[in-house]
file coords.cif (mmCIF, C-alpha atoms)
data_coords
#
loop_
_atom_site.group_PDB
_atom_site.id
_atom_site.type_symbol
_atom_site.label_atom_id
_atom_site.label_comp_id
_atom_site.auth_asym_id
_atom_site.auth_seq_id
_atom_site.Cartn_x
_atom_site.Cartn_y
_atom_site.Cartn_z
ATOM 1 C CA MET C 46 -41.125 22.537 -31.678
ATOM 2 C CA ARG C 47 -40.227 19.305 -29.872
ATOM 3 C CA LYS C 48 -43.717 17.879 -30.354
ATOM 4 C CA SER C 49 -43.070 17.951 -34.079
ATOM 5 C CA ILE C 50 -40.039 15.658 -33.618
ATOM 6 C CA SER C 51 -40.888 11.979 -33.989
ATOM 7 C CA ILE C 52 -38.572 9.122 -33.081
ATOM 8 C CA CYS C 53 -38.888 5.497 -34.158
ATOM 9 C CA ILE C 54 -37.957 2.955 -31.517
ATOM 10 C CA LEU C 55 -37.286 -0.246 -33.411
ATOM 11 C CA ARG C 56 -37.958 -3.491 -31.596
ATOM 12 C CA ALA C 57 -37.554 -7.216 -32.129
ATOM 13 C CA GLY C 58 -38.061 -10.338 -30.083
ATOM 14 C CA GLY C 59 -35.990 -10.003 -26.921
ATOM 15 C CA THR C 60 -35.735 -6.226 -26.652
ATOM 16 C CA ASN C 61 -36.667 -5.140 -23.180
ATOM 17 C CA CYS C 62 -36.185 -1.413 -22.742
ATOM 18 C CA ASP C 63 -38.341 -0.074 -25.561
ATOM 19 C CA GLN C 64 -41.054 1.164 -23.164
ATOM 20 C CA GLU C 65 -38.526 2.945 -20.916
ATOM 21 C CA THR C 66 -36.905 4.498 -23.978
ATOM 22 C CA LYS C 67 -40.292 5.728 -25.178
ATOM 23 C CA ALA C 68 -41.072 7.211 -21.754
ATOM 24 C CA ALA C 69 -37.678 8.966 -21.642
ATOM 25 C CA LEU C 70 -38.120 10.458 -25.111
ATOM 26 C CA GLU C 71 -41.668 11.564 -24.373
ATOM 27 C CA GLY C 72 -40.372 13.065 -21.129
ATOM 28 C CA CYS C 73 -38.116 15.232 -23.334
ATOM 29 C CA GLY C 74 -41.193 16.405 -25.224
ATOM 30 C CA VAL C 75 -40.804 14.408 -28.434
ATOM 31 C CA LYS C 76 -43.202 11.933 -29.998
ATOM 32 C CA ALA C 77 -41.917 8.354 -29.853
ATOM 33 C CA GLU C 78 -43.383 5.277 -31.498
ATOM 34 C CA ILE C 79 -42.350 1.670 -30.937
ATOM 35 C CA LEU C 80 -42.387 -0.353 -34.159
ATOM 36 C CA HIS C 81 -41.492 -3.984 -34.689
ATOM 37 C CA THR C 82 -38.783 -4.576 -37.282
ATOM 38 C CA ASN C 83 -41.236 -6.535 -39.459
ATOM 39 C CA LYS C 84 -43.654 -3.608 -39.583
ATOM 40 C CA VAL C 85 -40.917 -1.263 -40.778
ATOM 41 C CA THR C 86 -39.717 -3.866 -43.296
ATOM 42 C CA HIS C 87 -43.159 -4.303 -44.856
ATOM 43 C CA GLU C 88 -44.532 -0.779 -44.601
ATOM 44 C CA ARG C 89 -41.348 1.173 -45.393
ATOM 45 C CA ARG C 90 -42.068 3.820 -42.769
ATOM 46 C CA LEU C 91 -38.600 4.696 -41.400
ATOM 47 C CA SER C 92 -38.332 7.850 -43.520
ATOM 48 C CA ASN C 93 -41.285 9.328 -41.592
ATOM 49 C CA TYR C 94 -39.140 9.783 -38.458
ATOM 50 C CA HIS C 95 -36.546 12.303 -37.345
ATOM 51 C CA GLY C 96 -34.501 9.829 -35.307
ATOM 52 C CA LEU C 97 -34.065 6.107 -34.785
ATOM 53 C CA VAL C 98 -33.361 4.265 -31.534
ATOM 54 C CA ILE C 99 -32.432 0.606 -31.322
ATOM 55 C CA PRO C 100 -33.020 -0.335 -27.674
ATOM 56 C CA GLY C 101 -31.326 -2.805 -25.392
ATOM 57 C CA GLY C 102 -32.274 -6.268 -24.303
ATOM 58 C CA PHE C 103 -31.331 -9.644 -25.682
ATOM 59 C CA SER C 104 -32.510 -9.495 -29.284
ATOM 60 C CA PHE C 105 -33.425 -12.930 -30.589
ATOM 61 C CA GLY C 106 -31.994 -14.289 -27.340
ATOM 62 C CA ASP C 107 -28.449 -13.380 -28.440
ATOM 63 C CA TYR C 108 -28.059 -17.037 -29.335
ATOM 64 C CA VAL C 109 -25.263 -16.552 -31.874
ATOM 65 C CA ARG C 110 -23.473 -13.409 -30.692
ATOM 66 C CA ALA C 111 -24.869 -10.347 -28.987
ATOM 67 C CA GLY C 112 -26.893 -8.484 -31.612
ATOM 68 C CA ALA C 113 -25.800 -10.753 -34.492
ATOM 69 C CA ILE C 114 -29.208 -12.019 -35.615
ATOM 70 C CA TRP C 115 -30.991 -8.664 -35.430
ATOM 71 C CA GLY C 116 -27.994 -6.975 -37.038
ATOM 72 C CA ASP C 117 -28.244 -9.460 -39.911
ATOM 73 C CA VAL C 118 -31.974 -8.741 -40.288
ATOM 74 C CA ILE C 119 -31.280 -5.001 -40.439
ATOM 75 C CA ARG C 120 -28.382 -5.483 -42.879
ATOM 76 C CA HIS C 121 -30.507 -7.531 -45.289
ATOM 77 C CA GLU C 122 -34.107 -6.390 -44.756
ATOM 78 C CA LEU C 123 -33.751 -2.719 -43.802
ATOM 79 C CA ARG C 124 -30.438 -1.721 -45.334
ATOM 80 C CA GLU C 125 -31.862 0.646 -47.968
ATOM 81 C CA GLN C 126 -34.073 2.388 -45.420
ATOM 82 C CA VAL C 127 -31.373 2.700 -42.767
ATOM 83 C CA GLU C 128 -28.758 3.802 -45.300
ATOM 84 C CA ALA C 129 -31.057 6.526 -46.659
ATOM 85 C CA PHE C 130 -31.950 7.542 -43.100
ATOM 86 C CA VAL C 131 -28.301 7.917 -42.076
ATOM 87 C CA GLU C 132 -27.367 9.728 -45.304
ATOM 88 C CA THR C 133 -29.914 12.456 -44.525
ATOM 89 C CA GLY C 134 -28.082 13.127 -41.262
ATOM 90 C CA ARG C 135 -30.791 11.850 -38.949
ATOM 91 C CA PRO C 136 -29.506 10.493 -35.638
ATOM 92 C CA VAL C 137 -29.383 6.784 -34.853
ATOM 93 C CA LEU C 138 -28.834 5.685 -31.251
ATOM 94 C CA GLY C 139 -28.115 2.140 -30.103
ATOM 95 C CA ILE C 140 -28.617 1.437 -26.414
ATOM 96 C CA CYS C 141 -26.728 -1.535 -24.933
ATOM 97 C CA ASN C 142 -27.719 -4.478 -27.169
ATOM 98 C CA GLY C 143 -28.828 -1.879 -29.710
ATOM 99 C CA PHE C 144 -25.213 -0.705 -29.979
ATOM 100 C CA GLN C 145 -24.166 -4.310 -30.581
ATOM 101 C CA VAL C 146 -26.836 -4.570 -33.287
ATOM 102 C CA LEU C 147 -25.474 -1.443 -35.021
ATOM 103 C CA VAL C 148 -21.995 -2.992 -35.045
ATOM 104 C CA GLU C 149 -23.250 -6.341 -36.349
ATOM 105 C CA ALA C 150 -25.329 -4.625 -39.052
ATOM 106 C CA GLY C 151 -22.254 -2.751 -40.342
ATOM 107 C CA ILE C 152 -23.674 0.663 -39.443
ATOM 108 C CA LEU C 153 -20.890 1.281 -36.916
ATOM 109 C CA PRO C 154 -18.197 2.444 -36.753
ATOM 110 C CA GLY C 155 -19.572 4.436 -39.701
ATOM 111 C CA LEU C 156 -16.226 5.724 -40.909
ATOM 112 C CA ASP C 157 -17.159 4.931 -44.522
ATOM 113 C CA GLY C 158 -20.952 4.909 -44.301
ATOM 114 C CA PHE C 159 -22.894 1.639 -44.187
ATOM 115 C CA GLU C 160 -20.235 -1.024 -44.592
ATOM 116 C CA ASP C 161 -20.658 -4.132 -46.748
ATOM 117 C CA ALA C 162 -18.350 -6.101 -44.491
ATOM 118 C CA GLN C 163 -18.394 -5.688 -40.735
ATOM 119 C CA SER C 164 -15.289 -3.701 -39.763
ATOM 120 C CA MET C 165 -15.723 -3.549 -35.996
ATOM 121 C CA VAL C 166 -16.130 -6.369 -33.514
ATOM 122 C CA LEU C 167 -17.110 -6.564 -29.890
ATOM 123 C CA ALA C 168 -14.771 -8.705 -27.847
ATOM 124 C CA GLY C 169 -16.216 -11.244 -25.450
ATOM 125 C CA ASN C 170 -16.217 -10.714 -21.731
ATOM 126 C CA ILE C 171 -13.262 -11.930 -19.705
ATOM 127 C CA PRO C 172 -14.197 -14.023 -17.837
ATOM 128 C CA SER C 173 -16.857 -15.244 -20.237
ATOM 129 C CA GLY C 174 -20.564 -15.107 -19.483
ATOM 130 C CA TYR C 175 -22.931 -12.308 -18.581
ATOM 131 C CA ARG C 176 -21.323 -9.576 -16.524
ATOM 132 C CA CYS C 177 -22.647 -6.192 -15.500
ATOM 133 C CA THR C 178 -20.334 -4.192 -13.260
ATOM 134 C CA TRP C 179 -19.233 -0.607 -12.857
ATOM 135 C CA THR C 180 -15.730 0.052 -14.051
ATOM 136 C CA ALA C 181 -13.026 1.182 -11.672
ATOM 137 C CA LYS C 182 -12.864 4.910 -11.029
ATOM 138 C CA SER C 183 -9.791 5.064 -13.246
ATOM 139 C CA SER C 184 -11.708 3.594 -16.209
ATOM 140 C CA PHE C 185 -12.968 6.243 -18.552
ATOM 141 C CA LEU C 186 -14.634 6.426 -21.916
ATOM 142 C CA HIS C 187 -12.524 8.410 -24.349
ATOM 143 C CA LEU C 188 -15.072 9.451 -26.953
ATOM 144 C CA GLY C 189 -13.543 10.925 -30.067
ATOM 145 C CA GLN C 190 -15.047 12.693 -33.043
ATOM 146 C CA GLU C 191 -14.056 11.030 -36.297
ATOM 147 C CA ASN C 192 -16.790 11.901 -38.783
ATOM 148 C CA ALA C 193 -16.300 15.570 -39.650
ATOM 149 C CA GLY C 194 -18.883 16.687 -37.102
ATOM 150 C CA LYS C 195 -21.952 14.968 -38.552
ATOM 151 C CA CYS C 196 -22.897 12.944 -35.453
ATOM 152 C CA VAL C 197 -25.405 14.766 -33.254
ATOM 153 C CA PHE C 198 -23.978 12.985 -30.197
ATOM 154 C CA THR C 199 -20.315 13.953 -30.809
ATOM 155 C CA ARG C 200 -20.299 16.979 -33.110
ATOM 156 C CA LEU C 201 -19.379 19.416 -30.330
ATOM 157 C CA ILE C 202 -16.175 17.485 -29.601
ATOM 158 C CA PRO C 203 -13.329 19.167 -31.495
ATOM 159 C CA ARG C 204 -11.842 17.118 -34.348
ATOM 160 C CA ALA C 205 -9.083 14.902 -32.914
ATOM 161 C CA GLY C 206 -10.326 15.885 -29.456
ATOM 162 C CA PHE C 207 -11.808 13.585 -26.833
ATOM 163 C CA LEU C 208 -14.596 13.694 -24.306
ATOM 164 C CA ASP C 209 -13.547 11.809 -21.186
ATOM 165 C CA SER C 210 -16.288 10.355 -19.043
ATOM 166 C CA GLN C 211 -16.576 7.606 -16.453
ATOM 167 C CA LEU C 212 -18.010 4.525 -18.043
ATOM 168 C CA HIS C 213 -20.348 1.644 -17.255
ATOM 169 C CA MET C 214 -19.200 -1.012 -19.702
ATOM 170 C CA ARG C 215 -20.224 -4.544 -20.583
ATOM 171 C CA ARG C 216 -17.981 -5.294 -23.564
ATOM 172 C CA GLU C 217 -14.754 -4.210 -25.203
ATOM 173 C CA SER C 218 -14.729 -3.041 -28.807
ATOM 174 C CA CYS C 219 -12.057 -3.378 -31.418
ATOM 175 C CA ILE C 220 -11.963 -1.243 -34.549
ATOM 176 C CA PRO C 221 -9.230 -1.021 -37.157
ATOM 177 C CA ASN C 222 -6.745 1.841 -37.126
ATOM 178 C CA ARG C 223 -7.247 4.160 -40.090
#

call {"tool": "encode", "arguments": {"input": "coords.cif", "output": "structure tokens"}}
result
Amino acid sequence: MRKSISICILRAGGTNCDQETKAALEGCGVKAEILHTNKVTHERRLSNYHGLVIPGGFSFGDYVRAGAIWGDVIRHELREQVEAFVETGRPVLGICNGFQVLVEAGILPGLDGFEDAQSMVLAGNIPSGYRCTWTAKSSFLHLGQENAGKCVFTRLIPRAGFLDSQLHMRRESCIPNR
């Protein structure tokens, strides 16, 4: 059954973990294909996949803000495809910079579907600059389920419940209270 599952790993200039992501997915027994954003834009092939992964790295060099340029490309060039993909309930996973791209594209936090205006921001590091450290043992991720159980990654968390897990974090996020 897993061999019939196919995952699209979207890439752009600056992504650097697409090969590792492909190897990990194939190690789980699913078919994974790495496609450049331009290929998906011109060939309209996203609907042929069961899942979408946006990998980490430094897309477009992160010259503006982490994930901002690639997020803008997705928002304007792939919006219809990604919106249709998400509406069918297929999973989308952003790894590291890929998560930042999903925020910048307006796909996350996903409380009201694909958002016209970005409603979540990632705060800069304090102190500024690149930083990659493990959090203190007392720092935990409190992952909540806010979308009526549709997300494949959180649907087993009870509504208004939280999954607590130790966290390796590079940035803070800020979303509006609703």

call {"tool": "atom_distance", "arguments": {"input": "coords.cif", "atom1": "atom CA of C:Ile52", "atom2": "atom CA of C:Val109"}}
result
28.9 Å

call {"tool": "atom_distance", "arguments": {"input": "coords.cif", "atom1": "atom CA of C:Ala77", "atom2": "atom CA of C:Ser51"}}
result
5.6 Å

call {"tool": "residues_around", "arguments": {"input": "coords.cif", "residues": "C:Gly139", "least_positions_apart": "5", "cutoff": "9 Å", "atoms": "all atoms listed in the file", "output": "PyMOL selection string"}}
result
chain C and resi 97-101+144-147

call {"tool": "residues_around", "arguments": {"input": "coords.cif", "residues": "C:Gly96", "least_positions_apart": "6", "cutoff": "10 Å", "atoms": "all atoms listed in the file", "output": "PyMOL selection string"}}
result
chain C and resi 50-54+77+130-131+134-138

call {"tool": "residues_near_point", "arguments": {"input": "coords.cif", "point": "(-28.3, -7.5, -34.3)", "cutoff": "9 Å", "atoms": "only C-alpha atoms", "output": "number ranges by chain"}}
result
C: 104-105, 107, 110-120, 142-150

call {"tool": "write_last_selection", "arguments": {"input": "coords.cif", "atoms": "C-alpha atoms", "output": "compact mmCIF listing (two decimals), keeping the file's coordinate frame"}}
result
# COMPACT_ATOMS: atom_id res chain seq x y z
CA SER C 104 -32.51 -9.49 -29.28
CA PHE C 105 -33.42 -12.93 -30.59
CA ASP C 107 -28.45 -13.38 -28.44
CA ARG C 110 -23.47 -13.41 -30.69
CA ALA C 111 -24.87 -10.35 -28.99
CA GLY C 112 -26.89 -8.48 -31.61
CA ALA C 113 -25.80 -10.75 -34.49
CA ILE C 114 -29.21 -12.02 -35.62
CA TRP C 115 -30.99 -8.66 -35.43
CA GLY C 116 -27.99 -6.98 -37.04
CA ASP C 117 -28.24 -9.46 -39.91
CA VAL C 118 -31.97 -8.74 -40.29
CA ILE C 119 -31.28 -5.00 -40.44
CA ARG C 120 -28.38 -5.48 -42.88
CA ASN C 142 -27.72 -4.48 -27.17
CA GLY C 143 -28.83 -1.88 -29.71
CA PHE C 144 -25.21 -0.70 -29.98
CA GLN C 145 -24.17 -4.31 -30.58
CA VAL C 146 -26.84 -4.57 -33.29
CA LEU C 147 -25.47 -1.44 -35.02
CA VAL C 148 -22.00 -2.99 -35.04
CA GLU C 149 -23.25 -6.34 -36.35
CA ALA C 150 -25.33 -4.62 -39.05

call {"tool": "atom_distance", "arguments": {"input": "coords.cif", "atom1": "atom CA of C:Lys67", "atom2": "atom CA of C:Leu80"}}
result
11.0 Å

call {"tool": "closest_residue", "arguments": {"input": "coords.cif", "among": "C:Val127, C:Ile140, C:Ile79, C:Val166", "to": "C:Ile152", "atoms": "only C-alpha atoms"}}
result
C:Val127

call {"tool": "residues_around", "arguments": {"input": "coords.cif", "residues": "C:His87", "least_positions_apart": "3", "cutoff": "10 Å", "atoms": "all atoms listed in the file", "output": "PyMOL selection string"}}
result
chain C and resi 82-84+90+122-123
